[in-house]
file run33.cif (mmCIF, C-alpha atoms)
data_entry
#
loop_
_atom_site.label_atom_id
_atom_site.label_comp_id
_atom_site.auth_asym_id
_atom_site.auth_seq_id
_atom_site.Cartn_x
_atom_site.Cartn_y
_atom_site.Cartn_z
CA MET W 979 -18.40 -9.53 24.44
CA ALA W 980 -21.63 -10.42 22.63
CA ASP W 981 -25.02 -9.24 23.89
CA PHE W 982 -28.14 -11.43 23.94
CA THR W 983 -28.57 -10.96 20.17
CA GLY W 984 -25.03 -12.22 19.54
CA ARG W 985 -23.78 -8.77 18.49
CA THR W 986 -20.49 -7.57 19.85
CA ARG W 987 -19.28 -4.05 20.62
CA ARG W 988 -17.24 -4.36 17.45
CA ASP W 989 -20.39 -5.07 15.43
CA ASP W 990 -22.20 -2.12 16.99
CA LEU W 991 -19.33 0.27 16.31
CA TYR W 992 -19.01 -0.99 12.75
CA THR W 993 -22.73 -0.56 12.09
CA GLU W 994 -22.58 3.00 13.41
CA VAL W 995 -19.55 3.80 11.29
CA ALA W 996 -20.92 2.20 8.11
CA GLU W 997 -24.05 4.32 8.45
CA GLN W 998 -22.26 7.54 9.34
CA TYR W 999 -19.16 7.30 7.17
CA GLY W 1000 -20.22 4.89 4.42
CA SER W 1001 -20.34 7.53 1.71
CA ALA W 1002 -17.11 9.18 2.92
CA LEU W 1003 -15.37 5.80 2.69
CA GLU W 1004 -16.65 5.35 -0.85
CA ARG W 1005 -15.22 8.72 -1.83
CA LEU W 1006 -11.96 7.84 -0.09
CA ALA W 1007 -11.72 4.65 -2.18
CA ARG W 1008 -12.25 6.76 -5.34
CA GLY W 1009 -9.17 8.74 -4.35
CA TYR W 1010 -7.09 5.56 -4.41
CA GLU W 1011 -8.55 3.41 -7.17
CA GLY W 1012 -10.00 4.42 -10.53
CA ASP W 1013 -11.18 1.04 -11.78
CA PRO W 1014 -14.72 0.37 -10.45
CA ASP W 1015 -14.19 -3.37 -9.81
CA LYS W 1016 -10.88 -2.87 -8.07
CA ARG W 1017 -12.41 0.00 -6.13
CA ARG W 1018 -15.17 -2.27 -4.88
CA ASP W 1019 -12.53 -4.77 -3.73
CA LEU W 1020 -10.58 -2.03 -1.99
CA LEU W 1021 -13.71 -0.75 -0.28
CA GLN W 1022 -14.58 -4.24 0.94
CA GLU W 1023 -11.06 -4.65 2.27
CA ILE W 1024 -11.35 -1.31 4.07
CA HIS W 1025 -14.65 -2.38 5.63
CA ILE W 1026 -13.20 -5.71 6.80
CA ILE W 1027 -10.09 -4.04 8.28
CA LEU W 1028 -12.29 -1.43 9.96
CA TRP W 1029 -14.61 -4.06 11.44
CA ARG W 1030 -11.62 -5.97 12.80
CA SER W 1031 -9.95 -2.80 14.10
CA PHE W 1032 -12.78 -2.01 16.51
CA ASP W 1033 -11.51 -4.72 18.86
CA ARG W 1034 -8.62 -2.37 19.56
CA PHE W 1035 -10.50 0.92 19.53
CA ASP W 1036 -10.08 2.30 23.07
CA GLY W 1037 -11.55 5.77 22.61
CA ARG W 1038 -8.22 7.57 22.98
CA CYS W 1039 -9.02 9.37 19.74
CA SER W 1040 -12.41 10.18 18.27
CA LEU W 1041 -14.28 7.56 16.27
CA ARG W 1042 -13.95 9.76 13.18
CA THR W 1043 -10.17 10.00 13.57
CA TRP W 1044 -9.95 6.22 14.01
CA VAL W 1045 -12.11 5.52 10.96
CA TYR W 1046 -10.12 7.83 8.69
CA ARG W 1047 -6.77 6.52 9.99
CA VAL W 1048 -7.70 2.88 9.49
CA ALA W 1049 -9.26 3.49 6.06
CA HIS W 1050 -6.37 5.60 4.74
CA ASN W 1051 -3.82 3.13 6.11
CA ALA W 1052 -5.60 0.23 4.40
CA ALA W 1053 -5.68 2.15 1.11
CA THR W 1054 -2.04 3.28 1.47
CA SER W 1055 -1.05 -0.34 1.93
CA LEU W 1056 -2.63 -1.00 -1.47
CA VAL W 1057 -0.70 1.90 -3.03
CA LEU W 1058 2.55 0.43 -1.70
CA ARG W 1059 1.70 -3.06 -2.96
CA ARG W 1060 1.00 -1.74 -6.46
CA ARG W 1061 3.76 0.81 -6.62
CA ALA W 1062 6.09 -1.32 -8.72
CA ARG W 1063 3.68 -1.28 -11.66
CA ALA W 1064 2.04 2.11 -11.07
CA PRO W 1065 3.22 5.44 -12.48
CA SER W 1066 5.37 7.38 -10.03
CA LEU W 1067 3.46 9.53 -7.57
CA VAL W 1068 4.13 13.21 -7.00
CA GLY W 1069 3.87 15.73 -4.16
CA LEU W 1070 1.85 18.94 -3.93
CA ASP W 1071 4.87 20.96 -5.09
CA GLU W 1072 5.13 19.01 -8.33
CA VAL W 1073 1.37 19.25 -8.92
CA ALA W 1074 1.54 23.01 -8.38
CA GLU W 1075 4.19 23.24 -11.06
CA MET W 1076 2.22 21.17 -13.56
CA ARG W 1077 0.84 23.08 -16.51
CA ALA W 1078 -2.87 23.40 -15.87
CA ASP W 1079 -4.10 23.37 -19.48
CA VAL W 1080 -7.62 23.97 -18.28
CA ASP W 1081 -10.45 23.74 -20.74
CA VAL W 1082 -12.73 26.13 -18.87
CA GLU W 1083 -15.74 25.18 -20.98
CA ALA W 1084 -15.20 21.48 -20.32
CA MET W 1085 -14.81 22.19 -16.61
CA ALA W 1086 -18.32 23.57 -16.63
CA ASN W 1087 -19.32 19.94 -17.04
CA ARG W 1088 -19.54 18.48 -13.55
CA GLN W 1089 -18.63 14.94 -14.58
CA HIS W 1090 -15.56 16.13 -16.43
CA ALA W 1091 -14.44 18.24 -13.47
CA LEU W 1092 -14.93 15.35 -11.04
CA ALA W 1093 -13.00 12.95 -13.26
CA ARG W 1094 -10.14 15.45 -13.46
CA LEU W 1095 -10.22 15.97 -9.70
CA MET W 1096 -9.98 12.23 -9.01
CA GLU W 1097 -7.22 11.83 -11.57
CA LEU W 1098 -5.31 14.63 -9.85
CA VAL W 1099 -5.80 13.12 -6.38
CA ARG W 1100 -4.61 9.69 -7.53
CA THR W 1101 -1.30 11.10 -8.77
CA LEU W 1102 -0.38 12.33 -5.28
CA ARG W 1103 1.93 10.61 -2.81
CA PRO W 1104 0.18 9.08 0.21
CA VAL W 1105 0.59 11.90 2.75
CA ASP W 1106 -0.47 14.65 0.32
CA ARG W 1107 -3.31 12.48 -0.94
CA GLN W 1108 -4.54 11.94 2.62
CA VAL W 1109 -4.51 15.67 3.35
CA VAL W 1110 -6.32 16.49 0.07
CA LEU W 1111 -8.98 13.82 0.59
CA LEU W 1112 -9.60 14.88 4.20
CA TYR W 1113 -9.79 18.52 3.11
CA LEU W 1114 -12.30 17.60 0.40
CA GLU W 1115 -14.34 15.75 3.03
CA GLY W 1116 -14.61 18.98 5.01
CA VAL W 1117 -12.40 17.83 7.91
CA ASP W 1118 -10.79 20.80 9.71
CA ALA W 1119 -7.02 21.33 9.90
CA ASP W 1120 -6.67 20.16 13.53
CA ALA W 1121 -8.51 16.93 12.83
CA ILE W 1122 -6.53 16.37 9.61
CA GLY W 1123 -3.37 16.77 11.70
CA GLU W 1124 -4.61 14.16 14.17
CA VAL W 1125 -5.47 11.65 11.43
CA VAL W 1126 -2.32 12.11 9.38
CA GLY W 1127 0.12 12.88 12.19
CA LEU W 1128 1.18 16.32 10.95
CA SER W 1129 1.34 19.51 13.01
CA PRO W 1130 -1.65 21.86 12.58
CA SER W 1131 0.60 24.52 11.03
CA ASN W 1132 1.93 22.01 8.51
CA VAL W 1133 -1.62 20.99 7.64
CA ALA W 1134 -2.68 24.63 7.32
CA THR W 1135 0.19 25.30 4.89
CA ARG W 1136 -0.73 22.26 2.83
CA VAL W 1137 -4.42 23.11 2.77
CA HIS W 1138 -3.58 26.63 1.59
CA ARG W 1139 -1.48 25.14 -1.21
CA ILE W 1140 -4.23 22.65 -2.07
CA LYS W 1141 -6.76 25.48 -2.47
CA GLN W 1142 -4.40 27.32 -4.81
CA ILE W 1143 -3.80 24.17 -6.84
CA LEU W 1144 -7.50 23.41 -7.14
CA VAL W 1145 -8.33 26.91 -8.33
CA ARG W 1146 -5.40 26.91 -10.76
CA GLN W 1147 -6.11 23.45 -12.10
CA PHE W 1148 -9.84 23.97 -12.48
CA TYR W 1149 -10.62 27.58 -13.15
CA GLU W 1150 -7.63 29.49 -14.50
CA ARG W 1151 -6.72 29.41 -18.14
CA GLU W 1152 -2.97 29.38 -18.90
CA PRO W 1153 -1.82 32.76 -20.30
CA MET J 326 -18.79 26.70 -12.23
CA ARG J 327 -16.39 29.40 -13.29
CA ASP J 328 -17.48 31.69 -10.48
CA VAL J 329 -16.90 29.25 -7.66
CA ASP J 330 -13.63 28.58 -5.85
CA ALA J 331 -12.00 25.70 -3.97
CA GLU J 332 -15.11 25.51 -1.78
CA GLY J 333 -17.14 24.70 -4.86
CA ILE J 334 -14.85 21.79 -5.69
CA ARG J 335 -15.14 20.55 -2.13
CA ARG J 336 -18.93 20.65 -2.32
CA MET J 337 -18.88 18.88 -5.66
CA TRP J 338 -16.71 16.14 -4.12
CA GLN J 339 -19.01 15.68 -1.15
CA GLU J 340 -22.04 15.43 -3.44
CA LEU J 341 -20.56 12.55 -5.44
CA PRO J 342 -23.30 9.95 -6.02
CA ARG J 343 -23.00 6.82 -3.86
CA GLU J 344 -22.07 3.52 -5.44
CA GLU J 345 -23.79 1.51 -2.68
CA HIS J 346 -21.25 -1.09 -1.67
CA SER J 347 -22.50 -1.41 1.91
CA MET J 348 -22.08 -4.79 3.60
CA SER J 349 -23.98 -6.33 6.50
CA ILE J 350 -22.13 -7.71 9.52
CA SER J 351 -22.75 -11.29 8.35
CA GLU J 352 -21.33 -10.45 4.88
CA ILE J 353 -18.27 -8.88 6.53
CA GLN J 354 -17.78 -11.99 8.67
CA VAL J 355 -18.05 -14.28 5.62
CA LYS J 356 -15.63 -12.18 3.57
CA ALA J 357 -13.18 -11.90 6.48
CA ALA J 358 -13.25 -15.70 6.84
CA LEU J 359 -12.70 -16.11 3.07
CA LEU J 360 -9.75 -13.72 3.25
CA ASP J 361 -8.23 -15.72 6.12
CA ASP J 362 -8.74 -18.95 4.14
CA ARG J 363 -6.98 -17.47 1.13
CA VAL J 364 -4.03 -16.39 3.28
CA ARG J 365 -3.86 -19.88 4.84
CA ARG J 366 -3.98 -21.52 1.37
CA ASN J 367 -1.19 -19.25 0.08
CA ASN J 368 0.91 -20.03 3.14
CA ALA J 369 0.34 -23.76 2.71
CA GLY J 370 1.28 -23.54 -1.00
CA ALA J 371 4.48 -21.67 -0.19
CA ALA J 372 5.33 -24.14 2.58
CA VAL J 373 4.88 -27.09 0.15
CA ALA J 374 7.07 -25.42 -2.51
CA PHE J 375 9.82 -24.72 0.00
CA GLY J 376 9.44 -28.21 1.44
CA VAL J 377 10.03 -29.75 -2.00
CA ILE J 378 13.17 -27.65 -2.50
CA LEU J 379 14.47 -28.48 0.96
CA ILE J 380 13.80 -32.23 0.75
CA GLY J 381 15.11 -32.52 -2.82
CA ASN J 382 18.38 -30.85 -1.90
CA LEU J 383 18.64 -32.66 1.41
CA VAL J 384 18.45 -35.96 -0.48
CA GLN J 385 21.19 -34.74 -2.82
CA LEU J 386 23.30 -33.66 0.15
CA LEU J 387 23.02 -37.00 1.94
CA MET J 388 23.11 -39.30 -1.10
CA PRO J 389 26.33 -41.35 -1.16
CA GLY J 390 28.47 -40.97 -4.26
CA GLU J 391 27.34 -37.45 -5.11
CA HIS J 392 30.02 -35.13 -6.44
CA SER J 393 31.37 -32.73 -3.78
CA TYR J 394 30.35 -29.72 -5.92
CA GLU J 395 26.77 -30.97 -5.95
CA ARG J 396 26.81 -31.55 -2.19
CA ALA J 397 28.09 -28.03 -1.54
CA GLY J 398 25.53 -26.64 -4.00
CA ALA J 399 22.70 -28.52 -2.29
CA ALA J 400 23.80 -27.21 1.12
CA LEU J 401 23.82 -23.61 -0.17
CA ILE J 402 20.41 -24.04 -1.80
CA ILE J 403 18.98 -25.39 1.48
CA ALA J 404 20.40 -22.37 3.30
CA ALA J 405 18.96 -20.04 0.65
CA ALA J 406 15.53 -21.73 0.75
CA ALA J 407 15.47 -21.49 4.54
CA SER J 408 16.28 -17.76 4.44
CA MET J 409 13.66 -17.26 1.69
CA LEU J 410 11.11 -18.99 3.91
CA TRP J 411 12.00 -16.69 6.77
CA LEU J 412 11.74 -13.64 4.49
CA TYR J 413 8.40 -14.86 3.17
CA TRP J 414 6.97 -14.93 6.67
CA ARG J 415 8.29 -11.40 7.21
CA ALA J 416 6.93 -10.21 3.87
CA ARG J 417 3.43 -11.37 4.76
CA SER J 418 3.41 -8.59 7.29
CA THR J 419 3.57 -5.86 4.63
CA ALA J 420 -0.22 -6.09 4.64
CA VAL J 421 -2.01 -4.04 7.30
CA ARG J 422 -1.00 -5.40 10.71
CA PRO J 423 -3.87 -5.33 13.19
CA ASP J 424 -1.80 -3.43 15.75
CA GLU J 425 -0.78 -0.81 13.19
CA SER J 426 -4.11 -0.06 11.52
CA GLY J 427 -5.03 2.71 13.99
CA LEU J 428 -1.67 4.51 13.85
CA SER J 429 -1.54 8.01 12.41
CA CYS J 430 -1.15 7.78 8.62
CA LEU J 431 2.38 9.16 8.71
CA LYS J 432 3.56 6.62 11.32
CA PHE J 433 1.85 3.79 9.45
CA TYR J 434 3.38 4.81 6.12
CA ARG J 435 6.81 5.10 7.71
CA ALA J 436 6.49 1.67 9.32
CA GLN J 437 5.58 0.15 5.95
CA LEU J 438 8.53 1.82 4.19
CA VAL J 439 10.95 0.68 6.91
CA ARG J 440 9.67 -2.89 6.56
CA GLN J 441 10.07 -2.79 2.77
CA GLN J 442 13.58 -1.42 3.16
CA GLN J 443 14.55 -4.15 5.62
CA LEU J 444 13.17 -6.81 3.29
CA ALA J 445 15.02 -5.39 0.29
CA GLY J 446 18.21 -5.25 2.33
CA ARG J 447 17.96 -8.89 3.38
CA PHE J 448 16.90 -10.27 0.03
CA TRP J 449 20.50 -10.21 -1.24
CA LEU J 450 21.41 -12.85 1.35
CA CYS J 451 19.10 -15.31 -0.41
CA VAL J 452 20.40 -14.37 -3.83
CA LEU J 453 23.99 -14.71 -2.71
CA ALA J 454 23.21 -18.18 -1.39
CA PHE J 455 20.99 -19.35 -4.29
CA VAL J 456 23.21 -18.32 -7.20
CA PRO J 457 26.44 -20.01 -6.00
CA GLY J 458 24.38 -23.01 -4.85
CA ILE J 459 22.84 -23.50 -8.29
CA ALA J 460 26.19 -22.79 -9.97
CA LEU J 461 27.94 -25.44 -7.85
CA SER J 462 25.19 -27.97 -8.57
CA LEU J 463 25.54 -27.28 -12.28
CA MET J 464 29.31 -27.61 -12.04
CA GLY J 465 28.86 -30.96 -10.34
CA GLY J 466 26.53 -32.02 -13.17
CA VAL J 467 28.84 -30.93 -15.96
CA SER J 468 31.95 -32.26 -14.29
CA ALA J 469 30.73 -35.76 -15.12
CA ARG J 470 31.63 -34.63 -18.62
CA PRO J 471 34.89 -32.79 -19.28
CA LEU J 472 34.68 -29.33 -17.69
CA THR J 473 36.41 -27.07 -20.16
CA PRO J 474 37.86 -23.73 -19.03
CA SER J 475 35.42 -21.87 -21.31
CA ARG J 476 32.44 -23.64 -19.69
CA LEU J 477 33.76 -22.87 -16.24
CA THR J 478 34.35 -19.21 -17.16
CA GLY J 479 30.87 -18.92 -18.67
CA LEU J 480 29.28 -20.39 -15.57
CA ALA J 481 31.22 -18.10 -13.23
CA ALA J 482 30.53 -15.03 -15.39
CA GLY J 483 26.80 -15.82 -15.56
CA GLY J 484 26.59 -16.23 -11.79
CA ALA J 485 28.55 -13.04 -11.16
CA LEU J 486 26.35 -11.10 -13.58
CA VAL J 487 23.17 -12.26 -11.84
CA ILE J 488 24.58 -11.23 -8.47
CA VAL J 489 25.71 -7.82 -9.73
CA VAL J 490 22.34 -7.07 -11.37
CA VAL J 491 20.32 -8.13 -8.33
CA VAL J 492 22.56 -6.26 -5.88
CA TRP J 493 22.35 -3.14 -8.09
CA MET J 494 18.53 -3.37 -8.13
CA ILE J 495 18.41 -3.81 -4.37
CA VAL J 496 20.77 -0.90 -3.72
CA ARG J 497 18.65 1.31 -6.01
CA GLU J 498 15.42 0.29 -4.24
CA THR J 499 16.95 0.75 -0.77
CA ARG J 500 18.16 4.24 -1.71
CA ARG J 501 14.76 5.18 -3.12
CA LEU J 502 13.04 4.03 0.07
CA GLN J 503 15.60 5.88 2.23
CA ALA J 504 14.98 9.09 0.26
CA GLU J 505 11.26 8.68 0.86
CA LEU J 506 11.83 8.05 4.58
CA ASP J 507 14.03 11.15 4.84
CA GLU J 508 11.33 13.17 3.12
CA LEU J 509 8.71 11.88 5.56
CA ASP J 510 10.89 12.69 8.56
CA ALA J 511 11.43 16.21 7.23
CA ILE J 512 7.74 17.07 6.99
CA ARG J 513 6.71 16.00 10.48
#
call {"tool": "encode", "arguments": {"input": "run33.cif", "output": "structure tokens"}}
result
Amino acid sequence: MADFTGRTRRDDLYTEVAEQYGSALERLARGYEGDPDKRRDLLQEIHIILWRSFDRFDGRCSLRTWVYRVAHNAATSLVLRRRARAPSLVGLDEVAEMRADVDVEAMANRQHALARLMELVRTLRPVDRQVVLLYLEGVDADAIGEVVGLSPSNVATRVHRIKQILVRQFYEREP
Amino acid sequence: MRDVDAEGIRRMWQELPREEHSMSISEIQVKAALLDDRVRRNNAGAAVAFGVILIGNLVQLLMPGEHSYERAGAALIIAAAASMLWLYWRARSTAVRPDESGLSCLKFYRAQLVRQQQLAGRFWLCVLAFVPGIALSLMGGVSARPLTPSRLTGLAAGGALVIVVVVWMIVRETRRLQAELDELDAIR
């Protein structure tokens, strides 16, 4: 229902979310789309789907959980639509087995390290990508489990593996 | 950066500079309306295309003096177009459904894969109806001229090849999706 200014509860919730999670949503979009123009389109789509979703938000989960679920689901839908012409995605196990080939000097460059991180994230299958992106956002294991739908122990195992992969891929030189 | 660990990478991620794509409520409303318009236009375009196929073949089916092969072909093409139309309406739902957007990511992903698998499984029905329909129409057309055994064999072989290739592709896709679904069910 609209108040005297014509704003609805949906508008209010969206405004709150855009302010609080706007930068997190931008980073989330980076994890799904490398091309800046396409990323802008994806982000707009996420915002529209989020705004519409608040009609059905009943508070049974936290606002943060809802926002991350809706945003990741919107982005996953894009991954599925593009899958036919995209390179095949891999799981954490396959990433862990990849040869790191780290140029430690180059990794000292922040931009280079970030580009490599995003490239790595975008090769992951949806569920692993969601866990990695939520971990990078600083979301704790219980909350990641709630967003993704995995048990806390499963999330903990994956987060442990993610940490190992990140260190191996970014800091350790191959023998 | 060499001395930091996974926490350092996490911090670096969170400090990514913003690209500033924020939208006001009125912009969101405008873009949402534009998106709805685009979907409506696409639906209308598809409906017109299917309408042309249906009417064209209906005319052929009802026209007196048409060869029986052509009539049978037209009937099969109408059936195929109708099933394609039905599948098209189903396929539209592979975008985010409003009632699914707030599901946990795993449930949402599973629902999407199941829908894709169902669509892939049903697509062969259309192919099986379209290919013989077109083949029969062609046979009707060529039978006005002498239909040699080699022409007939070529036509049948071409149709069979199309069906085999499409069915093989669908089986491969269905298996791939099933493997992904099994993997998802195993990690829950």
call {"tool": "residues_around", "arguments": {"input": "run33.cif", "residues": "Arg1061 in chain W", "least_positions_apart": "5", "cutoff": "12 Å", "atoms": "only C-alpha atoms", "output": "ChimeraX atom specification"}}
result
/W:1054-1056,1066-1067,1101,1103-1104 /J:438,441,498,502
call {"tool": "resolve_selection", "arguments": {"input": "run33.cif", "expression": "the PyMOL selection byres ((chain W) within 7 of (chain J))", "output": "list in words"}}
result
Asp989, Ser1001, Arg1018, Ile1026, Ser1031, Trp1044, Arg1047, Val1048, His1050, Asn1051, Ala1052, Ser1055, Ala1086, Val1105, Leu1114, Glu1115, Val1125, Val1126, Gly1127, Leu1128, Ser1129, Lys1141, Leu1144, Val1145 and Tyr1149 of chain W
call {"tool": "residues_around", "arguments": {"input": "run33.cif", "residues": "range 367-383 of chain J", "least_positions_apart": "5", "cutoff": "9 Å", "atoms": "only C-alpha atoms", "output": "list in words"}}
result
Asp362, Met388, Arg396, Gly398, Ala399, Ala400, Ile402, Ile403, Ala404, Ala406, Ala407, Met409, Leu410, Tyr413 and Trp414 of chain J
call {"tool": "resolve_selection", "arguments": {"input": "run33.cif", "expression": "the PyMOL selection byres ((chain J and resi 453-464) around 12)", "output": "ChimeraX atom specification"}}
result
/J:378,382,385-386,391-409,447-452,465-474,476-492
call {"tool": "residues_around", "arguments": {"input": "run33.cif", "residues": "Asp510 in chain J", "least_positions_apart": "4", "cutoff": "9 Å", "atoms": "only C-alpha atoms", "output": "ChimeraX atom specification"}}
result
/J:435,505-506
call {"tool": "resolve_selection", "arguments": {"input": "run33.cif", "expression": "the PyMOL selection byres ((chain W and resi 1113) around 10)", "output": "ChimeraX atom specification"}}
result
/W:1107-1112,1114-1119,1121-1122,1133,1136-1137,1140-1141 /J:335
call {"tool": "write_last_selection", "arguments": {"input": "run33.cif", "atoms": "C-alpha atoms", "output": "CSV table (one decimal), keeping the file's coordinate frame"}}
result
chain,number,residue,atom,x,y,z
W,1107,ARG,CA,-3.3,12.5,-0.9
W,1108,GLN,CA,-4.5,11.9,2.6
W,1109,VAL,CA,-4.5,15.7,3.4
W,1110,VAL,CA,-6.3,16.5,0.1
W,1111,LEU,CA,-9.0,13.8,0.6
W,1112,LEU,CA,-9.6,14.9,4.2
W,1114,LEU,CA,-12.3,17.6,0.4
W,1115,GLU,CA,-14.3,15.8,3.0
W,1116,GLY,CA,-14.6,19.0,5.0
W,1117,VAL,CA,-12.4,17.8,7.9
W,1118,ASP,CA,-10.8,20.8,9.7
W,1119,ALA,CA,-7.0,21.3,9.9
W,1121,ALA,CA,-8.5,16.9,12.8
W,1122,ILE,CA,-6.5,16.4,9.6
W,1133,VAL,CA,-1.6,21.0,7.6
W,1136,ARG,CA,-0.7,22.3,2.8
W,1137,VAL,CA,-4.4,23.1,2.8
W,1140,ILE,CA,-4.2,22.6,-2.1
W,1141,LYS,CA,-6.8,25.5,-2.5
J,335,ARG,CA,-15.1,20.6,-2.1
call {"tool": "axis_aligned_box", "arguments": {"input": "run33.cif", "around": "range 475-491 of chain J", "padding_each_side": "3 Å", "output": "AutoDock Vina command-line options"}}
result
--center_x 27.9 --center_y -15.4 --center_z -14.8 --size_x 21.1 --size_y 22.6 --size_z 19.0
call {"tool": "atom_distance", "arguments": {"input": "run33.cif", "atom1": "CA of Thr1135 in chain W", "atom2": "CA of Ala511 in chain J"}}
result
14.6 Å
call {"tool": "residues_around", "arguments": {"input": "run33.cif", "residues": "Ala1093 in chain W", "least_positions_apart": "3", "cutoff": "12 Å", "atoms": "all atoms listed in the file", "output": "mmCIF file with C-alpha atoms, keeping the file's coordinate frame"}}
result
data_model
loop_
_atom_site.group_PDB
_atom_site.id
_atom_site.type_symbol
_atom_site.label_atom_id
_atom_site.label_comp_id
_atom_site.auth_asym_id
_atom_site.auth_seq_id
_atom_site.Cartn_x
_atom_site.Cartn_y
_atom_site.Cartn_z
ATOM 1 C CA ARG W 1008 -12.250 6.760 -5.340
ATOM 2 C CA GLY W 1009 -9.170 8.740 -4.350
ATOM 3 C CA GLY W 1012 -10.000 4.420 -10.530
ATOM 4 C CA ALA W 1084 -15.200 21.480 -20.320
ATOM 5 C CA MET W 1085 -14.810 22.190 -16.610
ATOM 6 C CA ASN W 1087 -19.320 19.940 -17.040
ATOM 7 C CA ARG W 1088 -19.540 18.480 -13.550
ATOM 8 C CA GLN W 1089 -18.630 14.940 -14.580
ATOM 9 C CA HIS W 1090 -15.560 16.130 -16.430
ATOM 10 C CA MET W 1096 -9.980 12.230 -9.010
ATOM 11 C CA GLU W 1097 -7.220 11.830 -11.570
ATOM 12 C CA LEU W 1098 -5.310 14.630 -9.850
ATOM 13 C CA VAL W 1099 -5.800 13.120 -6.380
ATOM 14 C CA ARG W 1100 -4.610 9.690 -7.530
ATOM 15 C CA PHE W 1148 -9.840 23.970 -12.480
ATOM 16 C CA ILE J 334 -14.850 21.790 -5.690
ATOM 17 C CA MET J 337 -18.880 18.880 -5.660
ATOM 18 C CA TRP J 338 -16.710 16.140 -4.120
ATOM 19 C CA LEU J 341 -20.560 12.550 -5.440
#
call {"tool": "decode", "arguments": {"input": "run33.cif", "residues": "range 1024-1036 of chain W", "atoms": "N, CA, C and O atoms", "output": "short mmCIF file (atom, residue, chain, number, x, y, z; two decimals), in the first residue's frame"}}
result
data_model
loop_
_atom_site.label_atom_id
_atom_site.label_comp_id
_atom_site.auth_asym_id
_atom_site.auth_seq_id
_atom_site.Cartn_x
_atom_site.Cartn_y
_atom_site.Cartn_z
N ILE W 1024 19.14 -7.24 -11.85
CA ILE W 1024 19.10 -7.66 -10.44
C ILE W 1024 18.28 -6.65 -9.62
O ILE W 1024 17.44 -7.02 -8.81
N HIS W 1025 18.53 -5.36 -9.86
CA HIS W 1025 17.81 -4.33 -9.10
C HIS W 1025 16.31 -4.40 -9.37
O HIS W 1025 15.51 -4.26 -8.45
N ILE W 1026 15.94 -4.61 -10.64
CA ILE W 1026 14.51 -4.68 -10.98
C ILE W 1026 13.86 -5.90 -10.31
O ILE W 1026 12.79 -5.80 -9.71
N ILE W 1027 14.55 -7.05 -10.39
CA ILE W 1027 14.00 -8.27 -9.79
C ILE W 1027 13.89 -8.11 -8.27
O ILE W 1027 12.91 -8.52 -7.65
N LEU W 1028 14.91 -7.46 -7.69
CA LEU W 1028 14.88 -7.23 -6.24
C LEU W 1028 13.70 -6.35 -5.85
O LEU W 1028 12.94 -6.67 -4.94
N TRP W 1029 13.55 -5.23 -6.58
CA TRP W 1029 12.46 -4.30 -6.30
C TRP W 1029 11.12 -5.01 -6.36
O TRP W 1029 10.26 -4.87 -5.49
N ARG W 1030 10.95 -5.85 -7.41
CA ARG W 1030 9.68 -6.58 -7.56
C ARG W 1030 9.51 -7.62 -6.45
O ARG W 1030 8.40 -7.90 -6.02
N SER W 1031 10.64 -8.21 -6.01
CA SER W 1031 10.55 -9.31 -5.05
C SER W 1031 10.03 -8.85 -3.69
O SER W 1031 9.52 -9.67 -2.93
N PHE W 1032 10.18 -7.56 -3.38
CA PHE W 1032 9.80 -7.13 -2.03
C PHE W 1032 8.30 -7.18 -1.78
O PHE W 1032 7.87 -7.08 -0.64
N ASP W 1033 7.51 -7.38 -2.83
CA ASP W 1033 6.08 -7.61 -2.64
C ASP W 1033 5.85 -8.91 -1.90
O ASP W 1033 4.82 -9.09 -1.25
N ARG W 1034 6.80 -9.84 -2.05
CA ARG W 1034 6.63 -11.16 -1.45
C ARG W 1034 7.52 -11.37 -0.24
O ARG W 1034 7.54 -12.47 0.33
N PHE W 1035 8.26 -10.35 0.14
CA PHE W 1035 9.15 -10.51 1.30
C PHE W 1035 8.31 -10.46 2.57
O PHE W 1035 7.67 -9.44 2.87
N ASP W 1036 8.28 -11.59 3.32
CA ASP W 1036 7.41 -11.65 4.50
C ASP W 1036 8.20 -11.68 5.80
O ASP W 1036 7.63 -11.93 6.86
#
